[in-house]
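All remarks here apply to the structure that follows.
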Amino acid sequence: MSNAGQTGSAWRWGFPALLLLVPFLGWPLAALVAQGIAPDGTITGSAILDVAGSGEVQRRIAFTAAQALASSALSLVVGLPAAYVVSQIRFPGRRLVRAALTLPLVLPAVVVAVAFRQLLDGAGWVSTLIQRLTGPGIDSTGTLWAILAAHTVFGMAITVRLVGAAWAGLDPRHEEAAQMLGATRWGAFRRITLPAIRPAIGAAATIAFAFAFTSFAIVLILGAARYDTLEVAIYRLATQPGQLPQAAVLSLAQLAVTLVALTLCSTLPGTSRPPERSAHAPLSRTSWRERAALLFVLGAVLALIAIPLAALVAGSVTRDGALTGDHFRALSAAGSADAIAPIESVRWSLAFAFGATALALLAGGVAARAVPRARGWRGAILLALLVLPVAVPGVALGLSVQLAFDRGWYDLRGTPALVLIAHALLAYPFVLRSVVPAARSMDPGVAEAAAVLGASPRRAWRHIDLPVLSRALVAGGAFAFAVSLGEPAATALLRRHEFTTAPVAILDTLGRSADGAGAALALATLLLVVSVVAFLIIERFRHREAGDW
């Protein structure tokens with residue numbers, strides 16, 4: 001098929017997806033821009049000047065960027081050895097270690113934050129050890145290190161997935177040939193392997209930076225009101241009377257940063273390809289350095305993932321060191337006048353997650369058929385429009401939707417529909433990301449042959465495309481479900497107490513009585529269990545872009 005024909009086909013498939021995205025994303029973003037530059041209907045720069053001249057805002061932006069850079073660096077420090085180990089060394093339990101390292105990709109940030117809070121608070125294991133070494137009065141929560149550690153969990157998972165896939169796809173014979181010609185092992189790595197995986201390293205660092213830059217639940221829970229990222233500052237402004245213009249300006253600034261970061265990421269050369277030859281070396285043939293790297297990775301898994309999650313689960317079933325089911329029984333307790341029973345928040349979370357997944361599959365499945373066909377500048381524009389939702393942070397999206405659907409017959413304020421729209425927009429890119437590789441692997445000649453034989457496009461889709469894409473759609477649906485289930489940022493702005501979701505209920509109950517904290521632990525544990533199930537489904541059905549490394 002010619003490039004013109006491919007691009008035309010791309011627009012034919014992409015236009016229905018754009019019809020869904022424009023009113024529910026383009027319109028809200030336009031409302032956000034209008035609120036920032038024309039809060040009273042007249043274009044002014046007052047809100048921009050107020051934000052630009054605020055020393056407090058400047059400090060927030062500086063802190064947000066600094067901690068995001070630090071989180072990105074730590075993610076590489078921990079993630080690169082882990083990527084090497086799981087992609088290059090064959091050892092007992094390797095698949096389990098790889099699964100543990102990439103599990104945070106579907107874990108709600110609020111679950112990880114509560115896990116670290118439980119581990120690091122005044123009665124936590126780590127705090128107890130610190131107090132024995134340095135004396136009483138040490139509380140490890142409310143520190144920058146707690147925030148960086150939680151961010152590193154996610155950044156490490158991103159690095160392992162991206163860099164590990166790229167590393168596994170390399171032919172080890174190139175390094176072997178260089179060493180036979182006299183190059184040292186480090187020299188061969190520096191001159192051959194590193195240039196090949198550098199794009200993946202850059203992509204992982206960029207995504208880890210964007211994640212930390214837009215962090216909400218982790219900072220809100222672990223920062224203890226001492227540290228606010230831009231995302232948290234926007235939330236606080238948006239919930240204060242008369243501060244919406246300033247919140248809109250900060251949201252636009254944050255959106256600009258994430259757009260630049262993701263644009264840089266998208267310009268990096270592709271790195272995912274099937275492995276040319278197995279690069280796995282048996283553990284018995286590895287050097288002491290490689291075995292040290294393996295021990296480092298196992299220690300990182302325990303320190304950053306397994307121990308905090310174990311502390312979370314243990315805290316949900318114990319009280320004062322004794323086993324109890326009180327925390328889970330408290331989930332059914334009647335809520336107050338301004339809060340529903342915690343178990344009701346779980347039901348609302350599941351309802352939103354199922355609805356958002358259905359909408360995301362509808363838009364993502366159609367859009368995924370357009371992306372592989374996109375060619376030329378028109379195709380580039382189409383692709384940019386289709387993937388735009390991935391660049392919009394949660395609080396900015398919630399504020400945008402709130403501003404857009406606020407009058408006339410489309411006034412949806414105070415309704416569950418606003419939350420559903422936001423969740424679907426946040427989940428849709430993950431369906432797209434899961435289905436596109438499978439769509440790209442399809443031979444367009446098969447569909448063309450079906451058309452020549454008289455099959456209608458709908459019949460060709462049902463009998464040719466759908467069987468190929470079904471596994472990827474299941475994986476994308478599971479990813480979308482997990483994203484919606486754990487989303488706290490946009491929901492915190494859009495919800496009413498009648499339909500509070502579980503992540504927001506966790507934020508609400510933390511800091512209250514001991515029973516409230518226990519209910520938060522129980523809710524987080526339930527979210528953890530559902531997320532693990534979603535992760536298993538994703539791993540079972542996802543499209544293997546770089547082989548089963």
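Naming scheme: A, B, ... for chains in displayed order of the structure tokens; residues 1 onward per chain; ligands 1 onward as shown.
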
Non-local contacts of A:Arg117 (8 Å; only C-alpha atoms; under 4 positions in same chain excluded) as a list in words
Ala113, Asp121, Thr141, Ile221 and Leu222 of chain A

Preceding selection exported with C-alpha atoms as a PDB file, in the first residue's frame:
```pdb
ATOM      1  CA  ALA A 113       2.713   5.502  49.547  1.00  0.00           C
ATOM      2  CA  ASP A 121       6.172   5.783  60.584  1.00  0.00           C
ATOM      3  CA  THR A 141       7.859  10.023  57.236  1.00  0.00           C
ATOM      4  CA  ILE A 221       0.956  10.993  52.037  1.00  0.00           C
ATOM      5  CA  LEU A 222       4.718  10.883  52.614  1.00  0.00           C
TER       6      LEU A 222
END
```

Residues near stretch 70-76 of chain A, cut-off 7 Å, only C-alpha atoms, skip fewer than 2 positions along chain, as a PyMOL selection string:
chain A and resi 66-68+78-80+148+151-152+155-156+159+205+208-209+212

From stretch 123-273 of chain A, collect each residue whose DSSP state is alpha helix (DSSP H) and return the set as a PyMOL selection string.
chain A and resi 125-134+144-168+173-180+185-188+194-213+217-222+230-238+244-267

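Distances to A:Ser349 were evaluated for A:Glu487, A:Glu56, A:Asp50, A:Glu176 using only C-alpha atoms, and the minimum falls at A:Glu487.
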
Residue contacts of A:Ala146 (8 Å, only C-alpha atoms) excluding same-chain residues fewer than 6 positions away, as JSON, numbers by chain
{"A": [116, 120, 140, 222, 223]}

Test item: residues at most 7 Å from stretch 246-251 of chain A, only C-alpha atoms, excluding those fewer than 2 positions along its chain, as number ranges by chain:
A: 32, 35-36, 47-48, 51, 234, 237-238, 243-244, 253-255, 396

Output N, CA and C atoms of each residue in that selection to a file, as a compact mmCIF listing (two decimals), in the first residue's frame.
```
# COMPACT_ATOMS: atom_id res chain seq x y z
N LEU A 32 -9.37 25.04 30.26
CA LEU A 32 -8.26 25.30 31.18
C LEU A 32 -7.44 26.50 30.73
N GLN A 35 -9.42 29.65 31.41
CA GLN A 35 -9.42 30.01 32.83
C GLN A 35 -8.09 30.67 33.22
N GLY A 36 -7.01 30.26 32.59
CA GLY A 36 -5.71 30.82 32.93
C GLY A 36 -5.46 32.19 32.37
N ALA A 47 -3.44 36.48 36.11
CA ALA A 47 -3.17 35.21 36.79
C ALA A 47 -1.75 34.73 36.52
N ILE A 48 -1.31 34.93 35.28
CA ILE A 48 0.05 34.53 34.93
C ILE A 48 1.07 35.35 35.71
N VAL A 51 1.22 34.25 39.37
CA VAL A 51 1.97 33.01 39.55
C VAL A 51 3.46 33.24 39.34
N ILE A 234 -1.27 22.54 42.87
CA ILE A 234 -2.44 22.81 42.02
C ILE A 234 -3.71 22.34 42.71
N LEU A 237 -4.66 24.77 45.47
CA LEU A 237 -5.21 26.01 44.92
C LEU A 237 -6.61 25.80 44.37
N ALA A 238 -6.82 24.68 43.67
CA ALA A 238 -8.12 24.43 43.03
C ALA A 238 -9.23 24.22 44.05
N GLN A 243 -9.04 30.84 43.70
CA GLN A 243 -7.69 30.49 43.26
C GLN A 243 -7.68 29.66 41.98
N LEU A 244 -8.82 29.52 41.33
CA LEU A 244 -8.87 28.70 40.12
C LEU A 244 -7.97 29.23 39.00
N ALA A 253 1.46 25.13 32.97
CA ALA A 253 2.92 25.02 33.05
C ALA A 253 3.35 23.56 33.23
N GLN A 254 2.63 22.86 34.09
CA GLN A 254 2.94 21.44 34.31
C GLN A 254 2.70 20.63 33.03
N LEU A 255 1.61 20.92 32.34
CA LEU A 255 1.31 20.22 31.09
C LEU A 255 2.40 20.46 30.06
N ALA A 396 -4.46 18.17 36.66
CA ALA A 396 -4.75 19.08 35.55
C ALA A 396 -5.95 18.59 34.75
```

Can you list, as a compact mmCIF listing (two decimals) with N, CA and C atoms, in the first residue's frame, every protein, DNA or RNA residue that comes within 10 Å of A:Leu101 when you count only C-alpha atoms, leaving out same-chain residues fewer than 5 positions away?
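As a result, out32.txt now contains:
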```txt
# COMPACT_ATOMS: atom_id res chain seq x y z
N GLY A 79 17.76 0.68 38.69
CA GLY A 79 17.12 -0.04 37.60
C GLY A 79 18.06 -0.63 36.58
N ALA A 82 19.41 -3.96 37.63
CA ALA A 82 18.29 -4.90 37.59
C ALA A 82 17.96 -5.30 36.16
N ALA A 83 17.98 -4.32 35.23
CA ALA A 83 17.72 -4.61 33.83
C ALA A 83 18.76 -5.57 33.27
N VAL A 86 18.11 -9.30 34.84
CA VAL A 86 16.96 -10.07 34.35
C VAL A 86 17.01 -10.29 32.85
N ARG A 95 12.21 -15.38 36.61
CA ARG A 95 10.90 -14.87 36.19
C ARG A 95 10.17 -14.21 37.36
N LEU A 96 10.31 -14.80 38.53
CA LEU A 96 9.66 -14.21 39.70
C LEU A 96 10.27 -12.86 40.04
N VAL A 153 10.68 3.24 43.29
CA VAL A 153 9.98 1.98 43.03
C VAL A 153 9.40 1.98 41.62
N PHE A 154 8.73 3.06 41.27
CA PHE A 154 8.12 3.14 39.94
C PHE A 154 9.17 3.35 38.85
N MET A 156 12.26 2.42 38.85
CA MET A 156 12.99 1.18 38.66
C MET A 156 12.21 0.23 37.75
N ALA A 157 10.91 0.13 37.96
CA ALA A 157 10.08 -0.74 37.13
C ALA A 157 10.09 -0.28 35.67
N ILE A 158 10.02 1.03 35.45
CA ILE A 158 10.07 1.57 34.09
C ILE A 158 11.40 1.24 33.43
N THR A 159 12.50 1.41 34.18
CA THR A 159 13.83 1.14 33.64
C THR A 159 13.99 -0.33 33.29
N VAL A 160 13.54 -1.21 34.18
CA VAL A 160 13.66 -2.65 33.91
C VAL A 160 12.87 -3.03 32.67
N ARG A 161 11.67 -2.50 32.52
CA ARG A 161 10.85 -2.87 31.37
C ARG A 161 11.45 -2.34 30.06
N VAL A 297 20.36 -6.64 43.03
CA VAL A 297 18.98 -6.61 42.53
C VAL A 297 18.04 -7.27 43.52
N LEU A 298 18.42 -8.42 44.04
CA LEU A 298 17.58 -9.10 45.02
C LEU A 298 17.38 -8.22 46.25
N ALA A 300 17.47 -4.94 46.26
CA ALA A 300 16.59 -3.83 45.87
C ALA A 300 15.14 -4.26 45.85
N VAL A 301 14.89 -5.50 45.35
CA VAL A 301 13.52 -6.01 45.33
C VAL A 301 12.96 -6.07 46.74
N LEU A 302 13.77 -6.60 47.66
CA LEU A 302 13.32 -6.71 49.04
C LEU A 302 13.13 -5.35 49.68
N LEU A 304 12.84 -2.21 48.39
CA LEU A 304 11.95 -1.21 47.79
C LEU A 304 10.55 -1.72 47.49
N ILE A 305 10.38 -3.01 47.34
CA ILE A 305 9.07 -3.54 46.94
C ILE A 305 8.51 -4.51 47.98
N ALA A 306 9.23 -5.59 48.22
CA ALA A 306 8.66 -6.67 49.04
C ALA A 306 8.44 -6.24 50.49
```

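Going from atom CA of A:Ala522 to atom CA of A:Ser316 covers 5.0 Å.
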